[in-house]
Amino acid sequence: MNTKYIISALLLGALTFTSCDDFLDMQPSNSANASTAITSADDALTALNGVLSAMNSTTYYGRNMFMYADAKGGDLTIFSQGRGLDGFYSFNHTPTSGTYSGFWSRGFYCIMQLNNIIENIEKLEEEGQTGFDLYKGEAYTLRALVYFDLVRLYGLPYNYNKGAYGVPDITTTLSADALPLRATVEQNYSRIVSDLAIGEQALSSSKKALNKYPGYYANKALQARVYLYMEDYSKALSAAKTVIESGVYKLYSNSEWVASWSKQFGSESIFELGIDSVDDNGTGSLGFYLIQYGIAKNAMGWFLASDYFLNRLGEDPTDVRWGVMGLDETAVDDPSSTRMGSCYKYVGGTTAMTGDGKETATAVNIKIIRLSEMYLIASEAALQNGDKKAAADYLNEIRKRSAGLAPATESTISIQMILDERSKELFGEGHRFFDMIRLNQTIEFNDDFQDVPVTQRGKKIDRTYGKIVLPIDQDEINVNPEMAAQQNDGYKA
C-alpha cells in the first residue's frame, strides 16, 4: 500500500474501523469530523479499542509479527515451500514481490489513529477538560510500541547503525498530499523514548494491572525492552525491576505454566491483545500456522520448530515448556516419528485445543509482554553491567522451568545462556530474530531438515546480510519518488 493512502488515511476519524487489512477496504468517516471525533473519555476509549482491534490483524500481531521473528531467527523451519509466509524463512524479498508491506500499511494505520486520538485529547486538555490521562498515556505507549516494531522491521539495529534509515516520523495529522520521507533509526528511537516518557507520566496516577490495555507497567516493560535494544542497560534494568518488584504480577509455577496458555489475562500478562469472535483470524491465525499438518481442517503445517530449537529445549526432557509442543508433520508420513515440532501456545493446548475459553480455539489472546521477559531483560542488563550474581538470580527464576538443568551461577552465567533461555521461554512470541541481530549472533537455518532448497540466502547469515530488513515497497516509491534514494541497501538495483 502506498504512502498516498497512508497519508490520506491519516485524516480519517479514529472511531471507524474494520478488520480488513487494506486502506481501500476501510470505511472512512468524514475527514471534516476527524478533529471533533473525540469529545469525551468514552470516545477516547472507543477509539483505543479500535486501534487494539486493528493490531490483531494477521499482518501484525494477529500472526505475522511473531512468525517473522521466529522464522527469520532460525527457531522455526518449514516442511515445504509454497504454503504461505515461507518468504520469512527464505528471505525472498524484493521491492516488487514478497515485501510483506502489510507491516507498513497496518503499522501506519495504527499510528494515524493514535495521532488523531492524541491530538484530540491534547486539544481538549488545552480547553480545560480533564479526565483523559489514562487514555492519553495508553495512546502514547501504543504509538511507541508500533514505532518500535516498524523501526525493527525496516531499520538496522540501533547498536549497529543508528544513522541508517528507519521509518517516517509522523506524529500529527497531515494533508493528503504530504509525502514524508524516512527518518533515521536514531530519530525513531528518540521518538519512542519520548512517547514512553510522556505515556509514563500520564499513566503514573493509575498503577493497576490493566492487562487488556497498555497501562503504567506495560509502559515500563516496553521501556525495559527498548533500552535493552539501545544497550542502555542501567535504564533497562531499572524499568524491568519496577515491574518485577511491583508485586502486581507473578510468575507461574511449573505446574501452572502450560495451563496458562488456555487462560486470558493471567498473572504473568502485562499486556495482551484480547481477541473475540470478530477478531478471530481462524485458519489464518497465529495458532493455526503453528499446529500439526492435518490436525484440524485446513491445517497446512506452515511452520514447525527447527532442530536447533528442539535440541536447545531437549537439554532437559523434563522442561515444562515441552507441554505446549506436539507431534509435527513428520508423524503424518512416519507414525513412529516422535519429533515434537508443533507449537500449541495459541490454541490453548496440545490435546483438546480449547483456546482460552471463547467459542473457537483460534480466538486466543496474543500476549505482547509477559513478566518472564522482564526477568530475562533484568538478567541480561545486570550481566552487561557486571553484576553476575544478580544476572544469575534473575535468570534462575525462569530457568526453574528446566528443573533438570543446573541453576546458573556467577561463574557460569553468560550471554549465550540468557539467549538460549529467551529462545525457550519466548518461542513463538516474536523475539528470536531481533535478539540474534542485536547481539550480533550468526543465525543458522535448518534448510536440510527436509532438504528444502533455499537459494535466496546462505545457510548462515549475520547482521551484515542486506536483507535483514524489509524493502520499501515499490508502490510507496512510485507515489513518493524521493523515497527511492532511501531504499534499504540490500534492495537497491
# chains A, B, ... in the order shown; residues from 1 in each chain; ligands from 1

call {"tool": "select_by_dssp", "arguments": {"residues": "range 52-246 of chain A", "states": "strand (DSSP E or B)", "output": "number ranges by chain"}}
result
A: 76-77, 165, 184, 211

call {"tool": "residues_around", "arguments": {"residues": "range 123-135 of chain A", "least_positions_apart": "3", "cutoff": "8 Å", "atoms": "only C-alpha atoms", "output": "list in words"}}
result
Thr39, Ala41, Ala44, Leu45, Leu48, Glu119, Asn120, Glu138, Ala139, Ala202, Leu203, Ser206 and Gly215 of chain A

call {"tool": "residues_around", "arguments": {"residues": "Tyr213 in chain A", "least_positions_apart": "6", "cutoff": "9 Å", "atoms": "only C-alpha atoms", "output": "list in words"}}
result
Leu48, Asn49, Leu52, Glu138, Ile270, Phe271, Glu272 and Leu273 of chain A

call {"tool": "residues_around", "arguments": {"residues": "range 84-96 of chain A", "least_positions_apart": "3", "cutoff": "6 Å", "atoms": "only C-alpha atoms", "output": "list in words"}}
result
Tyr68, Ala71, Lys72, Thr99, Val454, Gln456, Pro471, Asp473 and Gln474 of chain A

call {"tool": "write_last_selection", "arguments": {"atoms": "all heavy atoms", "output": "PDB file, in the first residue's frame"}}
result
ATOM      1  N   TYR A  68       7.362 -13.782  11.767  1.00  0.00           N
ATOM      2  CA  TYR A  68       8.528 -13.149  11.152  1.00  0.00           C
ATOM      3  C   TYR A  68       9.782 -13.384  11.990  1.00  0.00           C
ATOM      4  O   TYR A  68      10.820 -13.827  11.486  1.00  0.00           O
ATOM      5  CB  TYR A  68       8.244 -11.657  11.013  1.00  0.00           C
ATOM      6  CG  TYR A  68       9.347 -10.815  10.405  1.00  0.00           C
ATOM      7  CD1 TYR A  68       9.329 -10.492   9.052  1.00  0.00           C
ATOM      8  CD2 TYR A  68      10.388 -10.317  11.183  1.00  0.00           C
ATOM      9  CE1 TYR A  68      10.318  -9.695   8.483  1.00  0.00           C
ATOM     10  CE2 TYR A  68      11.387  -9.525  10.631  1.00  0.00           C
ATOM     11  CZ  TYR A  68      11.346  -9.221   9.284  1.00  0.00           C
ATOM     12  OH  TYR A  68      12.339  -8.436   8.739  1.00  0.00           O
ATOM     13  N   ALA A  71      10.771 -17.286  12.441  1.00  0.00           N
ATOM     14  CA  ALA A  71      11.208 -17.919  11.196  1.00  0.00           C
ATOM     15  C   ALA A  71      12.553 -17.353  10.754  1.00  0.00           C
ATOM     16  O   ALA A  71      13.462 -18.106  10.359  1.00  0.00           O
ATOM     17  CB  ALA A  71      10.162 -17.711  10.102  1.00  0.00           C
ATOM     18  N   LYS A  72      12.712 -16.043  10.814  1.00  0.00           N
ATOM     19  CA  LYS A  72      13.974 -15.427  10.410  1.00  0.00           C
ATOM     20  C   LYS A  72      15.085 -15.674  11.418  1.00  0.00           C
ATOM     21  O   LYS A  72      16.269 -15.597  11.085  1.00  0.00           O
ATOM     22  CB  LYS A  72      13.781 -13.923  10.203  1.00  0.00           C
ATOM     23  CG  LYS A  72      13.050 -13.573   8.914  1.00  0.00           C
ATOM     24  CD  LYS A  72      12.960 -12.077   8.718  1.00  0.00           C
ATOM     25  CE  LYS A  72      12.283 -11.730   7.396  1.00  0.00           C
ATOM     26  NZ  LYS A  72      13.102 -12.050   6.229  1.00  0.00           N
ATOM     27  N   THR A  99       7.244  -8.325  -0.303  1.00  0.00           N
ATOM     28  CA  THR A  99       7.626  -7.194   0.544  1.00  0.00           C
ATOM     29  C   THR A  99       6.970  -7.247   1.925  1.00  0.00           C
ATOM     30  O   THR A  99       7.439  -6.611   2.854  1.00  0.00           O
ATOM     31  CB  THR A  99       7.237  -5.858  -0.107  1.00  0.00           C
ATOM     32  OG1 THR A  99       5.807  -5.799  -0.227  1.00  0.00           O
ATOM     33  CG2 THR A  99       7.888  -5.698  -1.463  1.00  0.00           C
ATOM     34  N   VAL A 454      16.652 -23.608  -0.380  1.00  0.00           N
ATOM     35  CA  VAL A 454      16.531 -22.174  -0.185  1.00  0.00           C
ATOM     36  C   VAL A 454      17.728 -21.511  -0.848  1.00  0.00           C
ATOM     37  O   VAL A 454      18.862 -21.700  -0.426  1.00  0.00           O
ATOM     38  CB  VAL A 454      16.478 -21.801   1.313  1.00  0.00           C
ATOM     39  CG1 VAL A 454      16.447 -20.292   1.488  1.00  0.00           C
ATOM     40  CG2 VAL A 454      15.254 -22.437   1.966  1.00  0.00           C
ATOM     41  N   GLN A 456      17.790 -18.084  -1.794  1.00  0.00           N
ATOM     42  CA  GLN A 456      17.828 -16.625  -1.664  1.00  0.00           C
ATOM     43  C   GLN A 456      18.866 -16.144  -0.652  1.00  0.00           C
ATOM     44  O   GLN A 456      19.284 -14.998  -0.677  1.00  0.00           O
ATOM     45  CB  GLN A 456      16.446 -16.095  -1.263  1.00  0.00           C
ATOM     46  CG  GLN A 456      15.377 -16.259  -2.326  1.00  0.00           C
ATOM     47  CD  GLN A 456      14.743 -17.643  -2.297  1.00  0.00           C
ATOM     48  OE1 GLN A 456      15.024 -18.441  -1.413  1.00  0.00           O
ATOM     49  NE2 GLN A 456      13.895 -17.935  -3.259  1.00  0.00           N
ATOM     50  N   PRO A 471      12.249  -4.529   2.434  1.00  0.00           N
ATOM     51  CA  PRO A 471      12.355  -3.449   1.451  1.00  0.00           C
ATOM     52  C   PRO A 471      11.191  -2.471   1.574  1.00  0.00           C
ATOM     53  O   PRO A 471      10.117  -2.818   2.064  1.00  0.00           O
ATOM     54  CB  PRO A 471      12.282  -4.195   0.116  1.00  0.00           C
ATOM     55  CG  PRO A 471      11.416  -5.383   0.414  1.00  0.00           C
ATOM     56  CD  PRO A 471      11.759  -5.786   1.827  1.00  0.00           C
ATOM     57  N   ASP A 473       8.310  -0.965  -0.268  1.00  0.00           N
ATOM     58  CA  ASP A 473       7.542  -1.445  -1.408  1.00  0.00           C
ATOM     59  C   ASP A 473       7.605  -0.454  -2.569  1.00  0.00           C
ATOM     60  O   ASP A 473       7.566   0.766  -2.375  1.00  0.00           O
ATOM     61  CB  ASP A 473       6.089  -1.660  -0.972  1.00  0.00           C
ATOM     62  CG  ASP A 473       5.282  -2.397  -2.017  1.00  0.00           C
ATOM     63  OD1 ASP A 473       4.828  -1.739  -2.975  1.00  0.00           O
ATOM     64  OD2 ASP A 473       5.095  -3.616  -1.867  1.00  0.00           O
ATOM     65  N   GLN A 474       7.694  -0.976  -3.787  1.00  0.00           N
ATOM     66  CA  GLN A 474       7.802  -0.118  -4.963  1.00  0.00           C
ATOM     67  C   GLN A 474       6.595   0.800  -5.111  1.00  0.00           C
ATOM     68  O   GLN A 474       6.713   1.921  -5.628  1.00  0.00           O
ATOM     69  CB  GLN A 474       7.972  -0.966  -6.231  1.00  0.00           C
ATOM     70  CG  GLN A 474       8.309  -0.172  -7.480  1.00  0.00           C
ATOM     71  CD  GLN A 474       9.623   0.591  -7.350  1.00  0.00           C
ATOM     72  OE1 GLN A 474      10.609   0.050  -6.852  1.00  0.00           O
ATOM     73  NE2 GLN A 474       9.632   1.841  -7.806  1.00  0.00           N
TER      74      GLN A 474
END

call {"tool": "atom_distance", "arguments": {"atom1": "CA of Tyr233 in chain A", "atom2": "CA of Val167 in chain A"}}
result
24.8 Å

call {"tool": "select_by_dssp", "arguments": {"residues": "range 236-485 of chain A", "states": "helix (DSSP H, G or I)", "output": "PyMOL selection string"}}
result
chain A and resi 236-244+254-260+282-284+286-290+307-313+320-324+330-333+345-347+371-384+388-399+415-425+432-438+474-479+481-485
